[in-house]
Amino acid sequence: MKKFCKYLESFFIILFFYSALYAQYPDIECKHFIDGYPAGAPATNDLIKREIYALSNNGTTKFADWVCYRLDKSEINGPSITERNWKADPLLKPSRTLEPPDYKDAYKIYKYDRGHQAPLANFKGTIYADETNYLSNITPQKATLNRGLWKKLEDKERALVMRYDSIYVMTGPLYETYMPELPAADEPHKVPSGYWKIIAIPLKTGLEVFGFIFDQYTPSTDLLKNHLVSINEIQNRAHLDFFWKLDDTKEKILEEKPNSKYNIYFSP
């Protein structure tokens, strides 16, 4: 009987630690998350959930640590919307985000575009497309990247949706080297030195996941395939945890290596 009680005690200890590990992140329901949101952002961040995306705004950097969105055919098919009406995010305190005047002369001096994290072109079929122009969804992004490989990857997202009906995207900044601040900004902020993006394609056979990392100075002539990385690399460099709701074995397989099926899903 003592032996049984000892085994029972050990079982509950293991169960407790397993439950504690799984419960380390609050369970947040949102249609833009798949197998968990990107966990690990500062507790002081502002979580914003909108119809077309969700984000975690960092009041210190003044930019989102991550932006997530579920994209389907109904959202990308619609009248073309090209207007960029930049606005401060109405859900954030002025001290925690930037305003349109802060970007004055950013391109002239540093060749910074206002780079969307959730792209405007992805949501031209919705009445919410203009919400991608809130500055919480924007970062100062070098024009060669924003108009080059970043745009090319966004084009691939829409092509994937047309083939597979829907995808999930997670994206965010990296702060690994110094970048010049916006010349006209009147509040402290931190410009990203690079970006990561994860594209998840839910299929009947399982989840196909592709991770990418780009430096701010990525030339437009580079190949997308050269920026394919494992999810583990993104986790280590962005200090975030993805797909944490998955079974540990499935998560390990999904995250440990770059997806070798790149050519099947991303070739022209």
# chains A, B, ... in the order shown; residues from 1 in each chain; ligands from 1

$ residues_around --residues "Glu83 in chain A" --least-positions-apart "5" --cutoff "12 Å" --atoms "only C-alpha atoms" --output "VMD selection string"
chain A and resid 120 to 121 124 129 to 133

$ select_by_dssp --residues "range 3-205 of chain A" --states "strand (DSSP E)" --output "ChimeraX atom specification"
/A:46-49,54-57,64-72,112-116,138-142,166-174,194-203

$ residues_around --residues "Asn232 in chain A" --least-positions-apart "6" --cutoff "8 Å" --atoms "only C-alpha atoms" --output "list in words"
Glu255, Glu256 and Lys257 of chain A

$ residues_around --residues "Ile167 in chain A" --least-positions-apart "3" --cutoff "8 Å" --atoms "only C-alpha atoms" --output "list in words"
Arg70, Leu71, Asp72, Glu157, Leu160, Val161, Tyr164, Ile199, Ala200, Ile201 and Pro202 of chain A

$ atom_distance --atom1 "CA of Ile264 in chain A" --atom2 "CA of Asn122 in chain A"
22.0 Å

$ residues_around --residues "Pro94 in chain A" --least-positions-apart "3" --cutoff "12 Å" --atoms "only C-alpha atoms" --output "JSON, numbers by chain"
{"A": [59, 62, 87, 88, 89, 90, 91, 97, 98, 99, 100, 135, 136, 186, 187]}

$ write_last_selection --atoms "N, CA and C atoms" --output "compact mmCIF listing (two decimals), in the first residue's frame"
# COMPACT_ATOMS: atom_id res chain seq x y z
N GLY A 59 5.18 49.17 -25.40
CA GLY A 59 5.18 50.60 -25.10
C GLY A 59 6.56 51.21 -25.01
N LYS A 62 7.66 51.13 -28.94
CA LYS A 62 6.55 51.79 -29.63
C LYS A 62 6.06 50.99 -30.85
N LYS A 87 -2.52 56.57 -39.17
CA LYS A 87 -3.17 57.08 -37.96
C LYS A 87 -2.52 56.44 -36.73
N ALA A 88 -2.48 57.19 -35.64
CA ALA A 88 -2.11 56.59 -34.37
C ALA A 88 -3.21 55.61 -33.97
N ASP A 89 -2.84 54.53 -33.32
CA ASP A 89 -3.82 53.53 -32.92
C ASP A 89 -4.76 54.12 -31.87
N PRO A 90 -6.07 54.16 -32.14
CA PRO A 90 -7.00 54.77 -31.18
C PRO A 90 -7.15 53.98 -29.89
N LEU A 91 -6.70 52.72 -29.86
CA LEU A 91 -6.81 51.90 -28.66
C LEU A 91 -5.60 52.02 -27.74
N THR A 97 2.63 54.70 -28.40
CA THR A 97 2.68 54.47 -29.84
C THR A 97 3.18 55.75 -30.52
N LEU A 98 3.42 55.66 -31.84
CA LEU A 98 3.86 56.81 -32.60
C LEU A 98 2.68 57.47 -33.30
N GLU A 99 2.92 58.69 -33.79
CA GLU A 99 1.92 59.44 -34.56
C GLU A 99 2.49 59.71 -35.95
N PRO A 100 1.63 60.01 -36.92
CA PRO A 100 2.11 60.24 -38.30
C PRO A 100 3.26 61.24 -38.42
N LEU A 135 -0.57 52.92 -36.80
CA LEU A 135 0.89 52.86 -36.65
C LEU A 135 1.36 51.78 -35.69
N SER A 136 0.45 51.18 -34.94
CA SER A 136 0.82 50.01 -34.13
C SER A 136 1.15 48.81 -35.02
N ASP A 186 9.25 62.53 -31.52
CA ASP A 186 9.41 63.29 -30.28
C ASP A 186 9.26 62.43 -29.03
N GLU A 187 9.30 61.10 -29.21
CA GLU A 187 9.28 60.21 -28.06
C GLU A 187 10.30 59.09 -28.27

$ closest_atom_pairs --of "range 193-264 of chain A" --to "range 23-27 of chain A" --cutoff "12 Å" --atoms "only C-alpha atoms" --output "tab-separated table"
residue	atom	partner	partner_atom	distance
A:Leu240	CA	A:Tyr25	CA	11.5
A:Asp241	CA	A:Tyr25	CA	9.9
A:Phe242	CA	A:Tyr25	CA	11.3
A:Phe243	CA	A:Tyr25	CA	11.8
A:Trp244	CA	A:Tyr25	CA	9.1
A:Lys245	CA	A:Asp27	CA	9.6

$ write_last_selection --atoms "N, CA and C atoms" --output "PDB file, in the first residue's frame"
ATOM      1  N   LEU A 240      10.511  34.465 -28.176  1.00  0.00           N
ATOM      2  CA  LEU A 240       9.094  34.141 -28.124  1.00  0.00           C
ATOM      3  C   LEU A 240       8.924  32.628 -28.236  1.00  0.00           C
ATOM      4  N   ASP A 241       7.747  32.147 -27.889  1.00  0.00           N
ATOM      5  CA  ASP A 241       7.439  30.722 -27.943  1.00  0.00           C
ATOM      6  C   ASP A 241       6.206  30.523 -28.824  1.00  0.00           C
ATOM      7  N   PHE A 242       6.358  29.693 -29.870  1.00  0.00           N
ATOM      8  CA  PHE A 242       5.269  29.456 -30.815  1.00  0.00           C
ATOM      9  C   PHE A 242       4.750  28.021 -30.687  1.00  0.00           C
ATOM     10  N   PHE A 243       3.505  27.821 -31.101  1.00  0.00           N
ATOM     11  CA  PHE A 243       2.899  26.482 -31.185  1.00  0.00           C
ATOM     12  C   PHE A 243       2.996  25.708 -29.867  1.00  0.00           C
ATOM     13  N   TRP A 244       2.933  26.427 -28.753  1.00  0.00           N
ATOM     14  CA  TRP A 244       3.119  25.804 -27.450  1.00  0.00           C
ATOM     15  C   TRP A 244       1.927  24.969 -27.005  1.00  0.00           C
ATOM     16  N   LYS A 245       0.819  25.043 -27.719  1.00  0.00           N
ATOM     17  CA  LYS A 245      -0.329  24.205 -27.377  1.00  0.00           C
ATOM     18  C   LYS A 245      -0.238  22.812 -28.000  1.00  0.00           C
TER      19      LYS A 245
END

$ closest_residue --among "A:Leu246, A:Ile138, A:Ile76, A:Val209" --to "Met170 in chain A" --atoms "only C-alpha atoms"
A:Val209

$ residues_around --residues "Cys68 in chain A" --least-positions-apart "4" --cutoff "7 Å" --atoms "only C-alpha atoms" --output "list in words"
His32, Phe33, Tyr53, Ala54, Leu55, Val169, Met170 and Thr171 of chain A

$ decode --residues "range 202-227 of chain A" --atoms "N, CA, C and O atoms" --output "PDB file, in the first residue's frame"
ATOM      1  N   PRO A 202      -2.740  25.121 -42.683  1.00  0.00           N
ATOM      2  CA  PRO A 202      -3.450  23.971 -42.117  1.00  0.00           C
ATOM      3  C   PRO A 202      -3.995  23.070 -43.233  1.00  0.00           C
ATOM      4  O   PRO A 202      -4.764  23.511 -44.086  1.00  0.00           O
ATOM      5  N   LEU A 203      -3.572  21.827 -43.230  1.00  0.00           N
ATOM      6  CA  LEU A 203      -3.999  20.851 -44.227  1.00  0.00           C
ATOM      7  C   LEU A 203      -4.608  19.641 -43.532  1.00  0.00           C
ATOM      8  O   LEU A 203      -4.400  19.432 -42.332  1.00  0.00           O
ATOM      9  N   LYS A 204      -5.321  18.824 -44.279  1.00  0.00           N
ATOM     10  CA  LYS A 204      -5.907  17.614 -43.710  1.00  0.00           C
ATOM     11  C   LYS A 204      -4.815  16.671 -43.216  1.00  0.00           C
ATOM     12  O   LYS A 204      -5.032  15.890 -42.285  1.00  0.00           O
ATOM     13  N   THR A 205      -3.658  16.723 -43.834  1.00  0.00           N
ATOM     14  CA  THR A 205      -2.542  15.861 -43.457  1.00  0.00           C
ATOM     15  C   THR A 205      -1.716  16.425 -42.306  1.00  0.00           C
ATOM     16  O   THR A 205      -0.772  15.792 -41.837  1.00  0.00           O
ATOM     17  N   GLY A 206      -2.057  17.615 -41.865  1.00  0.00           N
ATOM     18  CA  GLY A 206      -1.311  18.238 -40.778  1.00  0.00           C
ATOM     19  C   GLY A 206      -0.959  19.680 -41.090  1.00  0.00           C
ATOM     20  O   GLY A 206      -1.447  20.267 -42.055  1.00  0.00           O
ATOM     21  N   LEU A 207      -0.078  20.238 -40.286  1.00  0.00           N
ATOM     22  CA  LEU A 207       0.301  21.638 -40.405  1.00  0.00           C
ATOM     23  C   LEU A 207       1.654  21.758 -41.111  1.00  0.00           C
ATOM     24  O   LEU A 207       2.613  21.099 -40.728  1.00  0.00           O
ATOM     25  N   GLU A 208       1.682  22.572 -42.167  1.00  0.00           N
ATOM     26  CA  GLU A 208       2.954  22.895 -42.824  1.00  0.00           C
ATOM     27  C   GLU A 208       3.369  24.292 -42.373  1.00  0.00           C
ATOM     28  O   GLU A 208       2.585  25.244 -42.497  1.00  0.00           O
ATOM     29  N   VAL A 209       4.578  24.416 -41.848  1.00  0.00           N
ATOM     30  CA  VAL A 209       5.023  25.679 -41.266  1.00  0.00           C
ATOM     31  C   VAL A 209       6.356  26.104 -41.867  1.00  0.00           C
ATOM     32  O   VAL A 209       7.277  25.288 -42.000  1.00  0.00           O
ATOM     33  N   PHE A 210       6.454  27.386 -42.223  1.00  0.00           N
ATOM     34  CA  PHE A 210       7.668  27.931 -42.823  1.00  0.00           C
ATOM     35  C   PHE A 210       8.080  29.195 -42.077  1.00  0.00           C
ATOM     36  O   PHE A 210       7.252  30.080 -41.837  1.00  0.00           O
ATOM     37  N   GLY A 211       9.350  29.278 -41.695  1.00  0.00           N
ATOM     38  CA  GLY A 211       9.869  30.436 -40.987  1.00  0.00           C
ATOM     39  C   GLY A 211      10.898  31.188 -41.819  1.00  0.00           C
ATOM     40  O   GLY A 211      11.686  30.573 -42.554  1.00  0.00           O
ATOM     41  N   PHE A 212      10.885  32.513 -41.705  1.00  0.00           N
ATOM     42  CA  PHE A 212      11.807  33.366 -42.455  1.00  0.00           C
ATOM     43  C   PHE A 212      12.363  34.458 -41.540  1.00  0.00           C
ATOM     44  O   PHE A 212      11.665  34.940 -40.654  1.00  0.00           O
ATOM     45  N   ILE A 213      13.604  34.852 -41.799  1.00  0.00           N
ATOM     46  CA  ILE A 213      14.216  35.996 -41.114  1.00  0.00           C
ATOM     47  C   ILE A 213      14.895  36.881 -42.148  1.00  0.00           C
ATOM     48  O   ILE A 213      15.565  36.391 -43.062  1.00  0.00           O
ATOM     49  N   PHE A 214      14.686  38.205 -41.995  1.00  0.00           N
ATOM     50  CA  PHE A 214      15.274  39.189 -42.909  1.00  0.00           C
ATOM     51  C   PHE A 214      15.987  40.277 -42.122  1.00  0.00           C
ATOM     52  O   PHE A 214      15.441  40.795 -41.154  1.00  0.00           O
ATOM     53  N   ASP A 215      17.178  40.635 -42.552  1.00  0.00           N
ATOM     54  CA  ASP A 215      17.863  41.800 -42.016  1.00  0.00           C
ATOM     55  C   ASP A 215      17.298  43.047 -42.686  1.00  0.00           C
ATOM     56  O   ASP A 215      16.817  42.981 -43.824  1.00  0.00           O
ATOM     57  N   GLN A 216      17.350  44.176 -41.996  1.00  0.00           N
ATOM     58  CA  GLN A 216      16.869  45.434 -42.585  1.00  0.00           C
ATOM     59  C   GLN A 216      17.571  45.744 -43.917  1.00  0.00           C
ATOM     60  O   GLN A 216      16.970  46.352 -44.798  1.00  0.00           O
ATOM     61  N   TYR A 217      18.817  45.341 -44.042  1.00  0.00           N
ATOM     62  CA  TYR A 217      19.595  45.686 -45.240  1.00  0.00           C
ATOM     63  C   TYR A 217      19.560  44.596 -46.307  1.00  0.00           C
ATOM     64  O   TYR A 217      20.419  44.567 -47.186  1.00  0.00           O
ATOM     65  N   THR A 218      18.575  43.710 -46.248  1.00  0.00           N
ATOM     66  CA  THR A 218      18.445  42.646 -47.244  1.00  0.00           C
ATOM     67  C   THR A 218      18.272  43.236 -48.640  1.00  0.00           C
ATOM     68  O   THR A 218      17.351  44.030 -48.870  1.00  0.00           O
ATOM     69  N   PRO A 219      19.127  42.861 -49.591  1.00  0.00           N
ATOM     70  CA  PRO A 219      18.987  43.394 -50.957  1.00  0.00           C
ATOM     71  C   PRO A 219      17.770  42.800 -51.662  1.00  0.00           C
ATOM     72  O   PRO A 219      17.401  41.644 -51.427  1.00  0.00           O
ATOM     73  N   SER A 220      17.171  43.574 -52.523  1.00  0.00           N
ATOM     74  CA  SER A 220      15.967  43.116 -53.231  1.00  0.00           C
ATOM     75  C   SER A 220      16.270  42.008 -54.229  1.00  0.00           C
ATOM     76  O   SER A 220      15.361  41.302 -54.668  1.00  0.00           O
ATOM     77  N   THR A 221      17.547  41.845 -54.587  1.00  0.00           N
ATOM     78  CA  THR A 221      17.937  40.815 -55.559  1.00  0.00           C
ATOM     79  C   THR A 221      18.140  39.449 -54.916  1.00  0.00           C
ATOM     80  O   THR A 221      18.381  38.461 -55.612  1.00  0.00           O
ATOM     81  N   ASP A 222      18.048  39.367 -53.601  1.00  0.00           N
ATOM     82  CA  ASP A 222      18.262  38.106 -52.892  1.00  0.00           C
ATOM     83  C   ASP A 222      17.099  37.147 -53.161  1.00  0.00           C
ATOM     84  O   ASP A 222      16.046  37.543 -53.680  1.00  0.00           O
ATOM     85  N   LEU A 223      17.292  35.888 -52.787  1.00  0.00           N
ATOM     86  CA  LEU A 223      16.259  34.867 -52.961  1.00  0.00           C
ATOM     87  C   LEU A 223      15.536  34.613 -51.642  1.00  0.00           C
ATOM     88  O   LEU A 223      16.170  34.560 -50.578  1.00  0.00           O
ATOM     89  N   LEU A 224      14.227  34.447 -51.704  1.00  0.00           N
ATOM     90  CA  LEU A 224      13.452  34.152 -50.507  1.00  0.00           C
ATOM     91  C   LEU A 224      13.978  32.903 -49.797  1.00  0.00           C
ATOM     92  O   LEU A 224      14.056  32.856 -48.571  1.00  0.00           O
ATOM     93  N   LYS A 225      14.352  31.913 -50.581  1.00  0.00           N
ATOM     94  CA  LYS A 225      14.781  30.634 -50.012  1.00  0.00           C
ATOM     95  C   LYS A 225      15.999  30.808 -49.107  1.00  0.00           C
ATOM     96  O   LYS A 225      16.187  30.051 -48.153  1.00  0.00           O
ATOM     97  N   ASN A 226      16.820  31.810 -49.393  1.00  0.00           N
ATOM     98  CA  ASN A 226      18.015  32.052 -48.575  1.00  0.00           C
ATOM     99  C   ASN A 226      17.676  32.516 -47.159  1.00  0.00           C
ATOM    100  O   ASN A 226      18.550  32.551 -46.292  1.00  0.00           O
ATOM    101  N   HIS A 227      16.430  32.891 -46.941  1.00  0.00           N
ATOM    102  CA  HIS A 227      16.018  33.419 -45.638  1.00  0.00           C
ATOM    103  C   HIS A 227      15.126  32.449 -44.873  1.00  0.00           C
ATOM    104  O   HIS A 227      14.573  32.792 -43.831  1.00  0.00           O
TER     105      HIS A 227
END
